[in-house]
Each structure stands twice: as C-alpha cells, then as structure tokens.
>>> print(open('protein.cif').read())   # mmCIF, C-alpha atoms
data_coords
loop_
_atom_site.label_atom_id
_atom_site.label_comp_id
_atom_site.auth_asym_id
_atom_site.auth_seq_id
_atom_site.Cartn_x
_atom_site.Cartn_y
_atom_site.Cartn_z
CA MET P 1456 0.00 0.00 0.00
CA THR P 1457 1.50 3.33 -1.05
CA THR P 1458 1.59 6.56 0.93
CA ASP P 1459 -0.79 8.24 -1.54
CA SER P 1460 -3.42 5.57 -0.98
CA LEU P 1461 -3.19 6.17 2.76
CA THR P 1462 -3.61 9.93 2.52
CA ARG P 1463 -6.23 10.02 -0.26
CA PRO P 1464 -9.79 10.32 1.18
CA PRO P 1465 -12.17 7.55 0.16
CA ARG P 1466 -14.37 8.29 -2.83
CA ARG P 1467 -17.49 7.39 -0.89
CA GLY P 1468 -16.68 10.08 1.65
CA ASN P 1469 -16.32 12.65 -1.12
CA ALA P 1470 -19.68 11.61 -2.54
CA ILE P 1471 -21.35 12.02 0.85
CA LEU P 1472 -19.77 15.45 1.28
CA GLY P 1473 -20.98 16.43 -2.17
CA ILE P 1474 -24.54 15.35 -1.36
CA GLU P 1475 -24.49 17.23 1.95
CA LYS P 1476 -23.19 20.34 0.21
CA ALA P 1477 -25.87 20.16 -2.48
CA ALA P 1478 -28.56 19.63 0.16
CA GLY P 1479 -27.29 22.62 2.08
CA HIS P 1480 -27.41 24.79 -1.03
CA ALA P 1481 -30.95 23.59 -1.75
CA VAL P 1482 -32.10 24.48 1.76
CA MET P 1483 -30.50 27.92 1.50
CA ALA P 1484 -32.15 28.49 -1.88
CA ILE P 1485 -35.58 27.61 -0.44
CA LEU P 1486 -35.04 29.89 2.56
CA SER P 1487 -33.92 32.69 0.22
CA LEU P 1488 -37.15 32.35 -1.73
CA PHE P 1489 -39.15 32.66 1.50
CA CYS P 1490 -37.21 35.81 2.38
CA LEU P 1491 -37.51 37.38 -1.08
CA PHE P 1492 -41.16 36.56 -1.71
CA PRO P 1493 -42.58 39.36 0.53
CA VAL P 1494 -40.41 41.88 -1.33
CA TYR P 1495 -41.57 40.50 -4.66
CA TRP P 1496 -45.21 40.60 -3.54
CA MET P 1497 -44.79 44.22 -2.43
CA ILE P 1498 -43.52 45.20 -5.88
CA VAL P 1499 -46.22 43.20 -7.67
CA THR P 1500 -48.98 44.72 -5.52
CA SER P 1501 -47.67 48.21 -6.27
CA LEU P 1502 -48.17 47.48 -9.98
CA ARG P 1503 -51.76 46.28 -9.68
CA PRO P 1504 -54.68 48.63 -10.47
CA ALA P 1505 -56.91 49.64 -7.56
CA ASN P 1506 -59.65 47.16 -8.48
CA ARG P 1507 -57.19 44.24 -8.67
CA VAL P 1508 -55.06 44.78 -5.58
CA PHE P 1509 -56.24 41.56 -3.94
CA GLU P 1510 -55.59 39.30 -6.91
CA LYS P 1511 -53.76 36.09 -6.08
CA SER P 1512 -51.90 35.80 -9.37
CA ILE P 1513 -48.12 35.79 -9.16
CA TRP P 1514 -47.84 38.49 -11.82
CA PRO P 1515 -50.37 41.34 -12.31
CA THR P 1516 -52.64 40.76 -15.27
CA ALA P 1517 -52.73 44.49 -15.98
CA ALA P 1518 -49.55 46.16 -14.72
CA SER P 1519 -49.84 49.89 -14.16
CA LEU P 1520 -47.81 52.74 -12.64
CA ASP P 1521 -50.91 54.56 -11.39
CA ASN P 1522 -50.12 53.73 -7.78
CA TYR P 1523 -46.69 55.36 -8.08
CA VAL P 1524 -48.20 58.47 -9.67
CA TYR P 1525 -50.82 58.65 -6.91
CA ALA P 1526 -48.21 58.22 -4.16
CA LEU P 1527 -45.95 60.90 -5.64
CA ASN P 1528 -48.85 63.35 -5.84
CA ALA P 1529 -50.32 62.50 -2.42
CA ILE P 1530 -47.20 63.12 -0.34
CA PRO P 1531 -43.80 64.75 -1.00
CA ILE P 1532 -41.97 61.44 -1.31
CA GLY P 1533 -38.91 63.02 -2.91
CA ARG P 1534 -38.46 65.46 -0.04
CA MET P 1535 -39.07 62.74 2.53
CA LEU P 1536 -36.48 60.47 0.90
CA ILE P 1537 -33.93 63.29 0.92
CA ASN P 1538 -34.66 64.01 4.60
CA THR P 1539 -34.30 60.33 5.46
CA LEU P 1540 -31.05 60.08 3.52
CA ILE P 1541 -29.62 63.18 5.23
CA VAL P 1542 -30.61 62.01 8.71
CA SER P 1543 -29.33 58.46 8.14
CA ALA P 1544 -26.00 59.58 6.65
CA ILE P 1545 -25.28 62.18 9.34
CA VAL P 1546 -26.26 59.88 12.20
CA THR P 1547 -24.08 57.11 10.76
CA VAL P 1548 -21.02 59.38 10.46
CA ILE P 1549 -21.48 60.93 13.90
CA GLN P 1550 -22.02 57.60 15.68
CA LEU P 1551 -18.97 56.09 13.97
CA LEU P 1552 -16.88 59.11 14.99
CA THR P 1553 -17.99 59.14 18.62
CA GLY P 1554 -17.77 55.35 18.75
CA LEU P 1555 -14.18 55.34 17.53
CA LEU P 1556 -13.12 58.02 20.00
CA ALA P 1557 -14.87 56.42 22.99
CA ALA P 1558 -13.72 52.90 22.12
CA TYR P 1559 -10.11 54.05 21.74
CA ALA P 1560 -10.28 55.77 25.13
CA PHE P 1561 -11.63 52.64 26.83
CA ALA P 1562 -9.18 50.35 25.04
CA ARG P 1563 -5.92 52.29 25.43
CA TRP P 1564 -6.26 54.45 28.54
CA ARG P 1565 -6.83 53.71 32.20
CA PHE P 1566 -8.52 56.40 34.29
CA PRO P 1567 -10.49 56.52 37.56
CA GLY P 1568 -13.97 55.14 37.03
CA ASP P 1569 -13.26 53.65 33.59
CA ARG P 1570 -14.99 50.38 34.46
CA ILE P 1571 -18.01 52.22 35.82
CA ALA P 1572 -18.18 54.32 32.65
CA HIS P 1573 -17.94 51.19 30.52
CA ALA P 1574 -20.73 49.53 32.53
CA LEU P 1575 -22.95 52.60 32.15
CA VAL P 1576 -22.41 52.60 28.38
CA ALA P 1577 -23.35 48.94 28.24
CA LEU P 1578 -26.45 49.56 30.34
CA THR P 1579 -27.67 52.30 28.00
CA TRP P 1580 -27.81 49.65 25.28
CA LEU P 1581 -30.43 47.81 27.34
CA VAL P 1582 -32.65 50.87 27.78
CA PRO P 1583 -35.42 50.95 25.15
CA LEU P 1584 -36.01 54.10 23.15
CA GLN P 1585 -39.49 54.53 24.62
CA VAL P 1586 -37.97 55.15 28.07
CA VAL P 1587 -35.85 58.14 26.97
CA MET P 1588 -38.24 59.39 24.29
CA ILE P 1589 -40.06 61.89 26.51
CA PRO P 1590 -36.88 63.42 28.06
CA ASN P 1591 -35.39 63.74 24.58
CA TYR P 1592 -38.62 65.34 23.35
CA LEU P 1593 -38.54 67.91 26.17
CA MET P 1594 -34.90 68.70 25.40
CA VAL P 1595 -35.63 69.24 21.71
CA ALA P 1596 -38.74 71.29 22.50
CA ASN P 1597 -36.82 73.55 24.88
CA LEU P 1598 -34.26 74.14 22.14
CA GLY P 1599 -37.03 75.15 19.74
CA LEU P 1600 -36.18 72.42 17.23
CA LEU P 1601 -39.54 70.68 16.92
CA ASP P 1602 -40.56 69.75 13.38
CA SER P 1603 -37.02 69.98 12.00
CA VAL P 1604 -34.46 67.61 10.56
CA THR P 1605 -31.97 68.71 13.22
CA ALA P 1606 -34.26 67.36 15.93
CA LEU P 1607 -34.19 63.91 14.29
CA ILE P 1608 -30.38 63.87 14.48
CA LEU P 1609 -29.61 65.49 17.82
CA PRO P 1610 -30.44 62.63 20.26
CA HIS P 1611 -28.46 60.11 18.20
CA PHE P 1612 -24.95 61.50 18.55
CA ALA P 1613 -23.66 58.35 20.28
CA SER P 1614 -24.42 54.64 20.09
CA ALA P 1615 -23.63 52.04 22.73
CA LEU P 1616 -23.58 49.38 20.01
CA ALA P 1617 -20.90 51.29 18.08
CA ILE P 1618 -18.77 51.85 21.17
CA LEU P 1619 -18.94 48.25 22.41
CA LEU P 1620 -18.36 46.65 19.01
CA LEU P 1621 -15.40 48.89 18.20
CA LEU P 1622 -14.02 48.43 21.71
CA GLN P 1623 -14.10 44.65 21.35
CA THR P 1624 -12.23 44.89 18.05
CA MET P 1625 -9.65 47.38 19.34
CA ARG P 1626 -8.83 45.21 22.33
CA SER P 1627 -7.86 42.39 19.96
CA PHE P 1628 -5.61 44.72 17.95
CA PRO P 1629 -1.92 43.63 18.09
CA ASN P 1630 -0.01 45.59 20.73
CA GLU P 1631 3.20 45.21 18.73
CA VAL P 1632 1.81 47.42 15.97
CA LEU P 1633 0.81 50.09 18.47
CA GLU P 1634 4.21 49.98 20.15
CA ALA P 1635 5.89 50.35 16.77
CA ALA P 1636 3.74 53.39 16.02
CA ARG P 1637 4.62 54.91 19.40
CA MET P 1638 8.33 54.34 18.81
CA ASP P 1639 7.99 56.12 15.46
CA GLY P 1640 6.72 59.16 17.32
CA ALA P 1641 3.00 58.79 16.60
CA GLY P 1642 0.73 60.23 19.24
CA SER P 1643 -2.66 58.90 20.25
CA TRP P 1644 -4.55 60.92 17.62
CA ARG P 1645 -2.27 59.83 14.79
CA THR P 1646 -2.23 56.23 16.00
CA LEU P 1647 -6.02 56.10 16.00
CA TRP P 1648 -6.56 57.51 12.51
CA GLU P 1649 -3.49 56.22 10.67
CA VAL P 1650 -2.88 52.83 12.29
CA ILE P 1651 -6.01 51.48 13.97
CA THR P 1652 -8.86 52.85 11.86
CA PRO P 1653 -7.59 51.60 8.46
CA ASN P 1654 -7.26 48.11 9.93
CA LEU P 1655 -10.83 48.17 11.26
CA ARG P 1656 -12.36 48.73 7.85
CA GLY P 1657 -14.42 45.51 7.97
CA THR P 1658 -15.91 46.30 11.37
CA ILE P 1659 -16.55 49.94 10.45
CA VAL P 1660 -18.32 48.99 7.20
CA SER P 1661 -20.59 46.45 8.89
CA LEU P 1662 -21.35 48.86 11.72
CA ALA P 1663 -22.08 51.70 9.30
CA ILE P 1664 -24.57 49.53 7.42
CA LEU P 1665 -26.36 48.55 10.62
CA ILE P 1666 -26.58 52.15 11.84
CA PHE P 1667 -27.71 53.44 8.45
CA ILE P 1668 -30.49 50.85 8.04
CA SER P 1669 -31.63 51.27 11.66
CA THR P 1670 -31.87 55.05 11.25
CA TRP P 1671 -33.56 54.70 7.87
CA ASN P 1672 -36.29 52.51 9.40
CA GLU P 1673 -36.82 54.75 12.44
CA TYR P 1674 -40.52 55.50 12.96
CA PHE P 1675 -41.51 56.44 16.51
CA TRP P 1676 -39.07 59.31 17.01
CA PRO P 1677 -39.98 61.11 13.75
CA LEU P 1678 -43.66 60.46 14.48
CA LEU P 1679 -43.28 62.26 17.82
CA LEU P 1680 -41.35 65.24 16.51
CA THR P 1681 -42.50 66.09 13.00
CA ARG P 1682 -45.63 68.04 12.18
CA THR P 1683 -45.41 68.64 8.42
CA PRO P 1684 -44.65 66.13 5.65
CA GLU P 1685 -41.89 68.38 4.25
CA ASN P 1686 -39.87 67.99 7.47
CA SER P 1687 -40.67 64.32 8.00
CA VAL P 1688 -39.11 61.06 6.79
CA ILE P 1689 -40.29 58.37 4.42
CA GLN P 1690 -41.52 55.99 7.14
CA ILE P 1691 -44.05 58.60 8.23
CA GLY P 1692 -45.06 59.10 4.61
CA ILE P 1693 -45.85 55.40 4.23
CA GLN P 1694 -48.06 55.54 7.32
CA MET P 1695 -50.12 58.35 5.76
CA PHE P 1696 -51.76 55.86 3.41
CA MET P 1697 -53.29 54.06 6.40
CA THR P 1698 -56.31 56.06 7.52
CA SER P 1699 -59.44 55.47 9.56
CA GLU P 1700 -61.40 55.18 6.31
CA GLY P 1701 -59.23 52.32 5.07
CA THR P 1702 -55.81 51.47 3.73
CA LEU P 1703 -54.76 52.38 0.21
CA TRP P 1704 -52.79 49.21 -0.43
CA GLY P 1705 -51.63 50.04 -3.93
CA PRO P 1706 -50.13 53.48 -3.16
CA LEU P 1707 -48.83 52.18 0.17
CA MET P 1708 -46.92 49.39 -1.55
CA ALA P 1709 -45.67 51.84 -4.17
CA ALA P 1710 -44.36 54.17 -1.44
CA ALA P 1711 -42.83 51.20 0.41
CA THR P 1712 -41.08 50.10 -2.79
CA MET P 1713 -39.62 53.57 -3.30
CA ALA P 1714 -38.56 53.66 0.35
CA SER P 1715 -36.82 50.28 0.03
CA LEU P 1716 -35.06 51.11 -3.23
CA PRO P 1717 -32.12 53.06 -1.70
CA ILE P 1718 -31.44 50.20 0.73
CA PHE P 1719 -31.48 47.68 -2.13
CA ILE P 1720 -29.06 49.84 -4.13
CA LEU P 1721 -26.79 50.22 -1.10
CA TYR P 1722 -26.71 46.46 -0.58
CA ILE P 1723 -26.04 45.73 -4.26
CA ILE P 1724 -23.12 48.16 -4.31
CA LEU P 1725 -21.64 46.95 -1.03
CA GLN P 1726 -22.66 43.30 -1.24
CA ARG P 1727 -19.11 41.94 -1.19
CA HIS P 1728 -18.10 44.24 1.65
CA VAL P 1729 -21.27 43.44 3.60
CA VAL P 1730 -20.68 39.68 3.56
CA SER P 1731 -16.95 39.85 4.27
CA SER P 1732 -17.26 42.48 6.99
CA PHE P 1733 -20.07 40.62 8.77
CA MET P 1734 -18.03 37.43 8.74
CA LYS P 1735 -14.91 39.19 10.04
CA SER P 1736 -16.66 41.21 12.72
CA GLY P 1737 -18.76 38.28 13.92
CA ILE P 1738 -22.08 40.13 13.74
CA ARG P 1739 -25.12 37.87 13.97
#
>>> encode(input="protein.cif", output="structure tokens")
Amino acid sequence: MTTDSLTRPPRRGNAILGIEKAAGHAVMAILSLFCLFPVYWMIVTSLRPANRVFEKSIWPTAASLDNYVYALNAIPIGRMLINTLIVSAIVTVIQLLTGLLAAYAFARWRFPGDRIAHALVALTWLVPLQVVMIPNYLMVANLGLLDSVTALILPHFASALAILLLLQTMRSFPNEVLEAARMDGAGSWRTLWEVITPNLRGTIVSLAILIFISTWNEYFWPLLLTRTPENSVIQIGIQMFMTSEGTLWGPLMAAATMASLPIFILYIILQRHVVSSFMKSGIR
C-alpha cells in the first residue's frame, strides 16, 4: 500500500460530502425564496390597479404605474427620501466618529472610574427608546427644534452598540503594531486615525450599514417630533396611506417600494463588503 493511498480520502466520503453540500445549497435556496417573496409581492402589488389589488396571481394581469403616480402626488416622497437620507447619513457618520473616540479611550487608557463608565455605556444599550423618548422630546422642545431635521439627528450622537463593538475589536488589535507606532513618534490621535482605523475597515463597514439601516427605518421618534410632511421622513409618509377610512394598499406598496429602493441599491453596491465584513466582525 502506497503513501498516496493512505492519505487520499475515500471516494465514498467525497460523494457524501458532495450530497451534503448540495442539500445545504438547496435548503439555502428555499429559505432565500421565502425571504424574497414578501419583497416580490410588495412590488407586484404596487403594480396592480386599484380594483385588482387583492388578486392572487403571481404576476399582475394588468400592470400599471398609477399607484406610483398617486403616491408621488399624495405626499412629497422626494423630499421625505432626501430628509431620510440626510438624517441616516449624518447619524451614521457621527455615531462612527464618537464610537471610535470612545472605544479608543476605553481600550488604550486607564482612568479613575473607567470600568463604571464602561458599565454605564453597556447599560444604556439595554434601555429601550421609549424610556428616553419623553426626556429627549422635552430637550428638543426647549431648544425650539420641533418639526425639524436637526431634531431627528440630535439625540443620536452616540451609540452604545458602536462603542462596544469597536471596543471589542480594538482590544484584539496587536499591541506590537501600536508599540511600533509609538516608537515612530506617533501620538494617540495619529495612531487612532493612521494605524487602527484603516485596519478596522471591515468592522466599520458592517457597523455603518447597521446604523444606516436602523436610522432609515426609524418610525416612533420622527412620528413624535415632525408636524409637516416636508420635514418628516419616508416611514411617516408610508403611514399616511393608512387612515381610519381604510388602507390604500396600492399606493402604500408603491411608497414602500420607493422607500426600500435606496437600501437595495446600497446592498447591491456593497454586497461583497457586507458579507466579508459581517463574517470578520462576527455580527449575527
């Protein structure tokens, strides 16, 4: 018996592995269809005429863009989408910035009460938004910022999720690299932005996507603050099609499709980065 015959895996084992792999792919394909079908049904419903909204056919027998025209004329969807994009982008950038600074301070410096501060940050993650909504509302009202885009951004300057996730990643950063940077004369500010941050690209990308989508889907806080559609966000605009007289399903689905389109485009553009960064950062 040769050495190659001892090290070569049996063909039957390879066949079993191939079957298991194919079965796994089949299960994932079926689950993907279940996940995608609601999105497909939303788009199909948005294309149905008003008198055929409740059809059960997979494809509309008479596709029409009337629901999109109605939705665009009923509410300022363009303005709402711009407001939502501005709020989501600014909140994402600010939370990443404050998260990086706070995580670096917790990871690299020791100061009196650092463990207590870390525990308080972690506890804020467990506090639901509804608990702090009224105090935040009173703060914004006293500043005279009600019914403004600024009010939607102000209470979201920091995120416990961003701080804790970046802190966990920074603590696993090689100390040798940081010592080399210090020996080269790099201070804390330069070390953070030129050494640590470029090597946390995967974590930062995954965190940015989570913050952006979470802010984009925010509903209760804009509902509490905004008074006019021009200063509101797209999630409030979608809700306007649900009235006490009934729900306009066609225009509602058309507005929901337009609200989902930027997220779909973002995912398509960053698909490779999304998958790789989630795998590297360990987000579940």
>>> resolve_selection(input="protein.cif", expression="the PyMOL selection byres ((chain P and resi 1678) around 9)", output="VMD selection string")
chain P and resid 1674 to 1677 1679 to 1682 1687 to 1688 1690 to 1691
>>> write_last_selection(input="protein.cif", atoms="C-alpha atoms", output="PDB file, keeping the file's coordinate frame")
ATOM      1  CA  TYR P1674     -40.520  55.500  12.960  1.00  0.00           C
ATOM      2  CA  PHE P1675     -41.510  56.440  16.510  1.00  0.00           C
ATOM      3  CA  TRP P1676     -39.070  59.310  17.010  1.00  0.00           C
ATOM      4  CA  PRO P1677     -39.980  61.110  13.750  1.00  0.00           C
ATOM      5  CA  LEU P1679     -43.280  62.260  17.820  1.00  0.00           C
ATOM      6  CA  LEU P1680     -41.350  65.240  16.510  1.00  0.00           C
ATOM      7  CA  THR P1681     -42.500  66.090  13.000  1.00  0.00           C
ATOM      8  CA  ARG P1682     -45.630  68.040  12.180  1.00  0.00           C
ATOM      9  CA  SER P1687     -40.670  64.320   8.000  1.00  0.00           C
ATOM     10  CA  VAL P1688     -39.110  61.060   6.790  1.00  0.00           C
ATOM     11  CA  GLN P1690     -41.520  55.990   7.140  1.00  0.00           C
ATOM     12  CA  ILE P1691     -44.050  58.600   8.230  1.00  0.00           C
TER      13      ILE P1691
END
>>> residues_around(input="protein.cif", residues="P:Ala1558", least_positions_apart="2", cutoff="9 Å", atoms="only C-alpha atoms", output="PDB file with C-alpha atoms, in the frame of the given file")
ATOM      1  CA  THR P1553     -17.990  59.140  18.620  1.00  0.00           C
ATOM      2  CA  GLY P1554     -17.770  55.350  18.750  1.00  0.00           C
ATOM      3  CA  LEU P1555     -14.180  55.340  17.530  1.00  0.00           C
ATOM      4  CA  LEU P1556     -13.120  58.020  20.000  1.00  0.00           C
ATOM      5  CA  ALA P1560     -10.280  55.770  25.130  1.00  0.00           C
ATOM      6  CA  PHE P1561     -11.630  52.640  26.830  1.00  0.00           C
ATOM      7  CA  ALA P1562      -9.180  50.350  25.040  1.00  0.00           C
ATOM      8  CA  ARG P1563      -5.920  52.290  25.430  1.00  0.00           C
ATOM      9  CA  ALA P1617     -20.900  51.290  18.080  1.00  0.00           C
ATOM     10  CA  ILE P1618     -18.770  51.850  21.170  1.00  0.00           C
ATOM     11  CA  LEU P1619     -18.940  48.250  22.410  1.00  0.00           C
ATOM     12  CA  LEU P1620     -18.360  46.650  19.010  1.00  0.00           C
ATOM     13  CA  LEU P1621     -15.400  48.890  18.200  1.00  0.00           C
ATOM     14  CA  LEU P1622     -14.020  48.430  21.710  1.00  0.00           C
ATOM     15  CA  GLN P1623     -14.100  44.650  21.350  1.00  0.00           C
ATOM     16  CA  MET P1625      -9.650  47.380  19.340  1.00  0.00           C
TER      17      MET P1625
END
>>> resolve_selection(input="protein.cif", expression="the PyMOL selection byres ((chain P and resi 1717) around 12)", output="list in words")
Leu1536, Ile1537, Thr1539, Leu1540, Ser1543, Phe1667, Ile1668, Trp1671, Asn1672, Ile1689, Ala1711, Thr1712, Met1713, Ala1714, Ser1715, Leu1716, Ile1718, Phe1719, Ile1720, Leu1721, Tyr1722, Ile1723 and Ile1724 of chain P
>>> write_last_selection(input="protein.cif", atoms="C-alpha atoms", output="mmCIF file, in the coordinates of the input")
data_model
loop_
_atom_site.group_PDB
_atom_site.id
_atom_site.type_symbol
_atom_site.label_atom_id
_atom_site.label_comp_id
_atom_site.auth_asym_id
_atom_site.auth_seq_id
_atom_site.Cartn_x
_atom_site.Cartn_y
_atom_site.Cartn_z
ATOM 1 C CA LEU P 1536 -36.480 60.470 0.900
ATOM 2 C CA ILE P 1537 -33.930 63.290 0.920
ATOM 3 C CA THR P 1539 -34.300 60.330 5.460
ATOM 4 C CA LEU P 1540 -31.050 60.080 3.520
ATOM 5 C CA SER P 1543 -29.330 58.460 8.140
ATOM 6 C CA PHE P 1667 -27.710 53.440 8.450
ATOM 7 C CA ILE P 1668 -30.490 50.850 8.040
ATOM 8 C CA TRP P 1671 -33.560 54.700 7.870
ATOM 9 C CA ASN P 1672 -36.290 52.510 9.400
ATOM 10 C CA ILE P 1689 -40.290 58.370 4.420
ATOM 11 C CA ALA P 1711 -42.830 51.200 0.410
ATOM 12 C CA THR P 1712 -41.080 50.100 -2.790
ATOM 13 C CA MET P 1713 -39.620 53.570 -3.300
ATOM 14 C CA ALA P 1714 -38.560 53.660 0.350
ATOM 15 C CA SER P 1715 -36.820 50.280 0.030
ATOM 16 C CA LEU P 1716 -35.060 51.110 -3.230
ATOM 17 C CA ILE P 1718 -31.440 50.200 0.730
ATOM 18 C CA PHE P 1719 -31.480 47.680 -2.130
ATOM 19 C CA ILE P 1720 -29.060 49.840 -4.130
ATOM 20 C CA LEU P 1721 -26.790 50.220 -1.100
ATOM 21 C CA TYR P 1722 -26.710 46.460 -0.580
ATOM 22 C CA ILE P 1723 -26.040 45.730 -4.260
ATOM 23 C CA ILE P 1724 -23.120 48.160 -4.310
#
>>> atom_distance(input="protein.cif", atom1="atom CA of P:Val1582", atom2="atom CA of P:Phe1612")
16.0 Å
>>> resolve_selection(input="protein.cif", expression="the PyMOL selection byres ((chain P and resi 1496-1502) around 12)", output="number ranges by chain")
P: 1488-1495, 1503-1526, 1703-1716
>>> closest_atom_pairs(input="protein.cif", of="stretch 1516-1557 of chain P", to="stretch 1591-1608 of chain P", cutoff="7 Å", atoms="all atoms listed in the file", output="tab-separated table")
residue	atom	partner	partner_atom	distance
P:Asn1538	CA	P:Val1604	CA	7.0
P:Val1542	CA	P:Ile1608	CA	6.1
P:Val1546	CA	P:Ile1608	CA	6.2
>>> residues_around(input="protein.cif", residues="P:Phe1628", least_positions_apart="5", cutoff="9 Å", atoms="only C-alpha atoms", output="mmCIF file with C-alpha atoms, keeping the file's coordinate frame")
data_model
loop_
_atom_site.group_PDB
_atom_site.id
_atom_site.type_symbol
_atom_site.label_atom_id
_atom_site.label_comp_id
_atom_site.auth_asym_id
_atom_site.auth_seq_id
_atom_site.Cartn_x
_atom_site.Cartn_y
_atom_site.Cartn_z
ATOM 1 C CA LEU P 1633 0.810 50.090 18.470
ATOM 2 C CA ILE P 1651 -6.010 51.480 13.970
ATOM 3 C CA ASN P 1654 -7.260 48.110 9.930
#
>>> atom_distance(input="protein.cif", atom1="atom CA of P:Ile1541", atom2="atom CA of P:Leu1665")
15.9 Å
>>> closest_residue(input="protein.cif", among="P:Ala1577, P:Met1588, P:Ala1635, P:Ala1544", to="P:Ser1669", atoms="only C-alpha atoms")
P:Ala1544
>>> atom_distance(input="protein.cif", atom1="atom CA of P:Val1587", atom2="atom CA of P:Gln1550")
17.9 Å
>>> axis_aligned_box(input="protein.cif", around="stretch 1714-1726 of chain P", padding_each_side="3 Å", output="lines of an AutoDock Vina configuration file")
center_x = -30.1
center_y = 48.5
center_z = -1.8
size_x = 22.9
size_y = 16.4
size_z = 11.0
>>> build_atoms(input="protein.cif", residues="stretch 1630-1637 of chain P", atoms="all heavy atoms", output="mmCIF file, keeping the file's coordinate frame")
data_model
loop_
_atom_site.group_PDB
_atom_site.id
_atom_site.type_symbol
_atom_site.label_atom_id
_atom_site.label_comp_id
_atom_site.auth_asym_id
_atom_site.auth_seq_id
_atom_site.Cartn_x
_atom_site.Cartn_y
_atom_site.Cartn_z
ATOM 1 N N ASN P 1630 -0.731 44.557 19.997
ATOM 2 C CA ASN P 1630 -0.010 45.590 20.730
ATOM 3 C C ASN P 1630 1.328 45.930 20.087
ATOM 4 O O ASN P 1630 1.842 47.039 20.244
ATOM 5 C CB ASN P 1630 0.216 45.141 22.182
ATOM 6 C CG ASN P 1630 -1.083 45.119 22.975
ATOM 7 O OD1 ASN P 1630 -1.963 45.958 22.760
ATOM 8 N ND2 ASN P 1630 -1.196 44.163 23.882
ATOM 9 N N GLU P 1631 1.908 44.957 19.367
ATOM 10 C CA GLU P 1631 3.200 45.210 18.730
ATOM 11 C C GLU P 1631 3.109 46.342 17.713
ATOM 12 O O GLU P 1631 4.024 47.160 17.580
ATOM 13 C CB GLU P 1631 3.709 43.936 18.051
ATOM 14 C CG GLU P 1631 4.046 42.797 18.995
ATOM 15 C CD GLU P 1631 2.814 42.060 19.480
ATOM 16 O OE1 GLU P 1631 1.702 42.376 18.977
ATOM 17 O OE2 GLU P 1631 2.953 41.181 20.363
ATOM 18 N N VAL P 1632 1.995 46.368 16.972
ATOM 19 C CA VAL P 1632 1.810 47.420 15.970
ATOM 20 C C VAL P 1632 1.689 48.781 16.647
ATOM 21 O O VAL P 1632 2.261 49.781 16.192
ATOM 22 C CB VAL P 1632 0.563 47.123 15.111
ATOM 23 C CG1 VAL P 1632 0.326 48.241 14.093
ATOM 24 C CG2 VAL P 1632 0.725 45.793 14.395
ATOM 25 N N LEU P 1633 0.970 48.831 17.752
ATOM 26 C CA LEU P 1633 0.810 50.090 18.470
ATOM 27 C C LEU P 1633 2.128 50.555 19.080
ATOM 28 O O LEU P 1633 2.433 51.761 19.083
ATOM 29 C CB LEU P 1633 -0.254 49.936 19.557
ATOM 30 C CG LEU P 1633 -1.652 49.528 19.079
ATOM 31 C CD1 LEU P 1633 -2.595 49.369 20.260
ATOM 32 C CD2 LEU P 1633 -2.201 50.541 18.091
ATOM 33 N N GLU P 1634 2.904 49.619 19.595
ATOM 34 C CA GLU P 1634 4.210 49.980 20.150
ATOM 35 C C GLU P 1634 5.144 50.494 19.059
ATOM 36 O O GLU P 1634 5.908 51.434 19.273
ATOM 37 C CB GLU P 1634 4.830 48.777 20.861
ATOM 38 C CG GLU P 1634 4.132 48.384 22.142
ATOM 39 C CD GLU P 1634 4.191 49.470 23.196
ATOM 40 O OE1 GLU P 1634 5.203 50.214 23.224
ATOM 41 O OE2 GLU P 1634 3.236 49.581 23.974
ATOM 42 N N ALA P 1635 5.071 49.878 17.889
ATOM 43 C CA ALA P 1635 5.890 50.350 16.770
ATOM 44 C C ALA P 1635 5.496 51.760 16.367
ATOM 45 O O ALA P 1635 6.351 52.606 16.066
ATOM 46 C CB ALA P 1635 5.758 49.397 15.589
ATOM 47 N N ALA P 1636 4.201 52.036 16.352
ATOM 48 C CA ALA P 1636 3.740 53.390 16.020
ATOM 49 C C ALA P 1636 4.195 54.389 17.071
ATOM 50 O O ALA P 1636 4.597 55.519 16.738
ATOM 51 C CB ALA P 1636 2.227 53.397 15.901
ATOM 52 N N ARG P 1637 4.172 54.005 18.342
ATOM 53 C CA ARG P 1637 4.620 54.910 19.400
ATOM 54 C C ARG P 1637 6.114 55.178 19.300
ATOM 55 O O ARG P 1637 6.568 56.312 19.502
ATOM 56 C CB ARG P 1637 4.282 54.301 20.759
ATOM 57 C CG ARG P 1637 4.575 55.217 21.939
ATOM 58 C CD ARG P 1637 4.218 54.539 23.244
ATOM 59 N NE ARG P 1637 5.033 53.345 23.441
ATOM 60 C CZ ARG P 1637 6.273 53.369 23.949
ATOM 61 N NH1 ARG P 1637 6.834 54.525 24.284
ATOM 62 N NH2 ARG P 1637 6.942 52.250 24.104
#
